[in-house]
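Chemist: Have a look at this one before I ask anything.
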Amino acid sequence: MDTILNVTSNPHVREKTDTQKIMLCVIVALLPATLFGVYNFGFSALVLILVTVATCVFSEWAYEKLLHKKSTIKDLSAVVTGILLALNMPSSLPWWMAVIGGAFAIIVVKMLFGGLGQNFMNPALGARCFLMISFTGPMTDFSAFDGFSGATPLASLKAGESVNTMDMLIGTIPGTIGETSVIAILIGAIIMILCGVIDLRIPGSYLITFAIFTLLFGGHGFDANFLTAELCGGGIMLGAFFMATDYVSSPITPSGKIVFGILLGLLTGIFRFFGPSAEGVSYAIIFCNLLVPLIERATIPRAFGIKKEAKGGNAS
């Protein structure tokens, strides 16, 4: 034979997209919500975003430097974590609390478990919940909006008051930096879908399940205005498209993604309507992150030609 064929190990087909490109797309998709948050809450929001991002990047660099590991800050995952964490904070939060949150997200939730690809929960959400437990008052202080202390629309709904759903769609309401404008979040979601970064299995099943749960157990029947307000309020849109879809802490099987989304919708509804808080997205996502190994084990497709084992028999 004149031609020598070299056989190499698998995989034989490789994806051209790398982690850096994926994270860059996510950063671009987060820009609408980030820019609107700065417009809505002012200079303090910009400072908090920059401090949190800088803390996350520095924490990852310093950890790897001290342990003599290869630096991974160029993959931009720390930048994404910093932006997401900042968008889940009120703009009035003291900067030093943001530093603590950023360091916790990277060092405790991400790096101590082996770095990107090994963390069992979303680092930004893990840090947010840590800050909520440690600094409950500052993390629920939304007085920076228009200079007065007022309840968020979800808190008003829980108290039986009416809310303006148009303001919730636009985002001119109290809340965390990045959760207020549904329009800005949806623009970012469309960017990620067009880039092929996410599909609609998780956010679609999440939002549909939550909507059905709201209609059945929300206490307002088939009230379209109440349903719209619940879908637009809090961090459900930001969580559904940007955090529940995290590659590392969500299922990879197609049916597993749907199961994951359904569980998210159920837990968010339970936390919101039967719990003491008007919110519940962060805790629902983190709890479901812990269930991902079980979901994948139950939904992994069987290899071609393998039959399900019959009772009392063996698989063929």
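Ordered as shown in the structure tokens, chains take letters A, B, and onward, while each chain numbers its residues from 1 and ligands are numbered from 1 in the order shown.
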Produce a table with one row for each residue of range 64-178 of chain A that has an atom at most 12 Å from any atom of range 201-223 of chain A, each row naming the nearest atom pair and its distance in Å at one decimal; use only C-alpha atoms; arrange rows by chain and rising residue number; format as a Markdown table.

Modeler:
| residue | atom | partner | partner_atom | distance |
| --- | --- | --- | --- | --- |
| A:Leu157 | CA | A:Gly218 | CA | 10.5 |
| A:Lys158 | CA | A:Gly218 | CA | 9.8 |
| A:Gly160 | CA | A:His220 | CA | 10.2 |

Chemist: Okay, now the selection with N, CA and C atoms, as a PDB file, in the first residue's frame?

Modeler:
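Final output, saved to out-v4.pdb:
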ATOM      1  N   LEU A 157     -47.029  41.439  45.904  1.00  0.00           N
ATOM      2  CA  LEU A 157     -47.987  40.403  45.513  1.00  0.00           C
ATOM      3  C   LEU A 157     -48.290  39.461  46.667  1.00  0.00           C
ATOM      4  N   LYS A 158     -47.254  39.073  47.406  1.00  0.00           N
ATOM      5  CA  LYS A 158     -47.446  38.154  48.520  1.00  0.00           C
ATOM      6  C   LYS A 158     -48.294  38.791  49.623  1.00  0.00           C
ATOM      7  N   GLY A 160     -50.722  40.731  49.004  1.00  0.00           N
ATOM      8  CA  GLY A 160     -52.064  40.932  48.474  1.00  0.00           C
ATOM      9  C   GLY A 160     -52.258  42.250  47.761  1.00  0.00           C
TER      10      GLY A 160
END

Chemist: Would you write out, as a tab-separated table, a table of all residues in range 62-172 of chain A that have an atom no more than 10 Å from an atom of range 259-279 of chain A, listing for each the closest atom pair and the distance in Å to one decimal, considering only C-alpha atoms and ordering rows by chain and rising residue number?

Modeler:
residue	atom	partner	partner_atom	distance
A:Thr152	CA	A:Ala278	CA	9.1
A:Pro153	CA	A:Ala278	CA	9.2
A:Leu154	CA	A:Ala278	CA	5.7
A:Ala155	CA	A:Ala278	CA	5.5
A:Ser156	CA	A:Ala278	CA	8.8
A:Leu157	CA	A:Ala278	CA	8.2
A:Lys158	CA	A:Ala278	CA	6.3
A:Ala159	CA	A:Ala278	CA	9.3

Chemist: Generate a file of the selected residues that holds C-alpha atoms, formatted as a CSV table (one decimal), in the first residue's frame.

Modeler:
chain,number,residue,atom,x,y,z
A,152,THR,CA,-40.3,44.5,45.6
A,153,PRO,CA,-43.2,43.6,43.3
A,154,LEU,CA,-43.1,40.0,44.5
A,155,ALA,CA,-43.3,41.1,48.1
A,156,SER,CA,-46.3,43.3,47.3
A,157,LEU,CA,-48.0,40.4,45.5
A,158,LYS,CA,-47.4,38.2,48.5
A,159,ALA,CA,-49.0,40.8,50.7

Chemist: Nearest to Arg128 in chain A: which of A:Thr253, A:Thr55, A:Ser282, A:Ser162 is it, counting only C-alpha atoms?

Modeler: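 Going through A:Thr253, A:Thr55, A:Ser282, A:Ser162 one by one, the smallest distance to Arg128 in chain A is for A:Ser282.
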
Chemist: My list of candidates is A:Ala124, A:Ala189, A:Ala45, A:Ile198. Which is closest to Phe104 in chain A when distances are computed with only C-alpha atoms?

Modeler: A:Ala124

Chemist: So which residues of range 16-251 of chain A fall under alpha helix (DSSP H) by DSSP, listed as a PyMOL selection string?

Modeler: chain A and resi 19-41+43-66+77-87+95-103+123-134+136-139+153-158+165-170+182-194+201-217+224-232+236-238

Chemist: Using 12 Å as the limit and counting only C-alpha atoms, can you tabulate each residue of range 178-285 of chain A that touches range 166-174 of chain A, with its shortest atom-to-atom distance in Å and the two atoms involved, as CSV?

Modeler:
residue,atom,partner,partner_atom,distance
A:Gly178,CA,A:Gly171,CA,9.2
A:Glu179,CA,A:Gly171,CA,8.0
A:Thr180,CA,A:Gly171,CA,4.4
A:Ser181,CA,A:Gly171,CA,3.7
A:Val182,CA,A:Leu169,CA,5.0
A:Ile183,CA,A:Leu169,CA,6.0
A:Ala184,CA,A:Ile170,CA,8.0
A:Ile185,CA,A:Leu169,CA,9.8
A:Leu186,CA,A:Leu169,CA,10.1
A:Asn225,CA,A:Met166,CA,10.3
A:Phe226,CA,A:Met168,CA,11.9
A:Thr228,CA,A:Leu169,CA,9.2
A:Ala229,CA,A:Met168,CA,7.2
A:Glu230,CA,A:Met168,CA,9.8
A:Leu231,CA,A:Met168,CA,9.6
A:Cys232,CA,A:Met168,CA,6.0
A:Gly233,CA,A:Met168,CA,6.7
A:Gly234,CA,A:Met168,CA,9.5
A:Gly235,CA,A:Met168,CA,11.6
A:Met237,CA,A:Leu169,CA,10.8

Chemist: Residues within 6 Å of range 86-102 of chain A, please, as a PyMOL selection string. Count only C-alpha atoms; anything in the same chain fewer than 3 positions from it doesn't count.

Modeler: chain A and resi 44-45+49+52+55-56+83+105+127+138+144+176-178

Chemist: Taking all heavy atoms for each residue, export the selection above as a compact mmCIF listing (two decimals), in the first residue's frame.

Modeler:
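The resulting file, out-v2.txt, is shown below:
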# COMPACT_ATOMS: atom_id res chain seq x y z
N SER A 44 -23.52 53.32 41.54
CA SER A 44 -23.24 52.31 42.56
C SER A 44 -23.35 50.90 42.00
O SER A 44 -22.61 50.00 42.41
CB SER A 44 -24.20 52.48 43.75
OG SER A 44 -25.55 52.34 43.34
N ALA A 45 -24.26 50.70 41.07
CA ALA A 45 -24.41 49.38 40.44
C ALA A 45 -23.18 49.05 39.60
O ALA A 45 -22.68 47.92 39.62
CB ALA A 45 -25.66 49.34 39.57
N ILE A 49 -20.55 45.88 40.18
CA ILE A 49 -20.26 44.92 39.11
C ILE A 49 -18.76 44.80 38.88
O ILE A 49 -18.21 43.69 38.81
CB ILE A 49 -20.97 45.33 37.80
CG1 ILE A 49 -22.49 45.22 37.96
CG2 ILE A 49 -20.51 44.44 36.63
CD1 ILE A 49 -23.28 45.86 36.83
N THR A 52 -17.02 43.05 41.89
CA THR A 52 -17.30 41.62 41.96
C THR A 52 -16.55 40.85 40.88
O THR A 52 -15.98 39.79 41.14
CB THR A 52 -18.82 41.37 41.82
OG1 THR A 52 -19.53 42.20 42.73
CG2 THR A 52 -19.15 39.92 42.13
N THR A 55 -12.87 40.75 41.77
CA THR A 55 -12.63 39.82 42.87
C THR A 55 -12.63 38.38 42.39
O THR A 55 -11.76 37.58 42.78
CB THR A 55 -13.70 40.00 43.97
OG1 THR A 55 -13.68 41.34 44.46
CG2 THR A 55 -13.46 39.03 45.12
N CYS A 56 -13.57 38.04 41.54
CA CYS A 56 -13.65 36.67 41.03
C CYS A 56 -12.41 36.31 40.20
O CYS A 56 -11.84 35.23 40.37
CB CYS A 56 -14.92 36.49 40.19
SG CYS A 56 -16.44 36.47 41.15
N ILE A 83 -20.10 38.63 36.96
CA ILE A 83 -21.24 39.39 36.45
C ILE A 83 -22.55 38.84 37.00
O ILE A 83 -23.42 39.59 37.47
CB ILE A 83 -21.26 39.38 34.91
CG1 ILE A 83 -20.03 40.08 34.35
CG2 ILE A 83 -22.53 40.06 34.38
CD1 ILE A 83 -19.91 40.00 32.83
N ALA A 105 -17.50 32.48 45.94
CA ALA A 105 -17.95 31.82 44.71
C ALA A 105 -16.81 31.08 44.03
O ALA A 105 -16.97 29.92 43.61
CB ALA A 105 -18.55 32.85 43.76
N ALA A 127 -22.75 31.62 46.06
CA ALA A 127 -22.29 32.81 46.77
C ALA A 127 -23.46 33.71 47.16
O ALA A 127 -23.45 34.31 48.25
CB ALA A 127 -21.30 33.58 45.90
N PRO A 138 -28.66 43.71 54.39
CA PRO A 138 -28.14 44.40 53.20
C PRO A 138 -28.53 43.72 51.89
O PRO A 138 -28.73 44.40 50.87
CB PRO A 138 -26.62 44.34 53.40
CG PRO A 138 -26.43 44.22 54.87
CD PRO A 138 -27.58 43.39 55.35
N ALA A 144 -32.02 51.80 47.31
CA ALA A 144 -31.30 52.60 46.31
C ALA A 144 -32.18 52.96 45.12
O ALA A 144 -31.86 53.87 44.36
CB ALA A 144 -30.06 51.84 45.82
N THR A 176 -32.82 43.38 42.52
CA THR A 176 -31.37 43.28 42.34
C THR A 176 -30.98 43.92 41.00
O THR A 176 -31.85 44.21 40.17
CB THR A 176 -30.90 41.82 42.38
OG1 THR A 176 -31.48 41.10 41.28
CG2 THR A 176 -31.29 41.16 43.69
N ILE A 177 -29.71 44.11 40.79
CA ILE A 177 -29.22 44.87 39.64
C ILE A 177 -29.69 44.30 38.30
O ILE A 177 -30.10 45.03 37.40
CB ILE A 177 -27.69 44.95 39.65
CG1 ILE A 177 -27.21 45.73 40.88
CG2 ILE A 177 -27.15 45.59 38.38
CD1 ILE A 177 -25.71 45.71 41.08
N GLY A 178 -29.67 42.99 38.16
CA GLY A 178 -29.93 42.40 36.85
C GLY A 178 -31.25 41.69 36.67
O GLY A 178 -31.52 41.19 35.58

Chemist: Between A:Leu76, A:Ile133, A:Met139, A:Met121, which one has atoms that come closest to Ala244 in chain A, using only C-alpha atoms?

Modeler: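 Closest to Ala244 in chain A, using only C-alpha atoms: A:Met121.
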
Chemist: Could you check the closest approach to Pro251 in chain A for each of A:Leu200, A:Leu290, A:Val53, A:Ile295 and tell me which residue wins, using only C-alpha atoms?

Modeler: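 The closest residue to Pro251 in chain A is A:Ile295.
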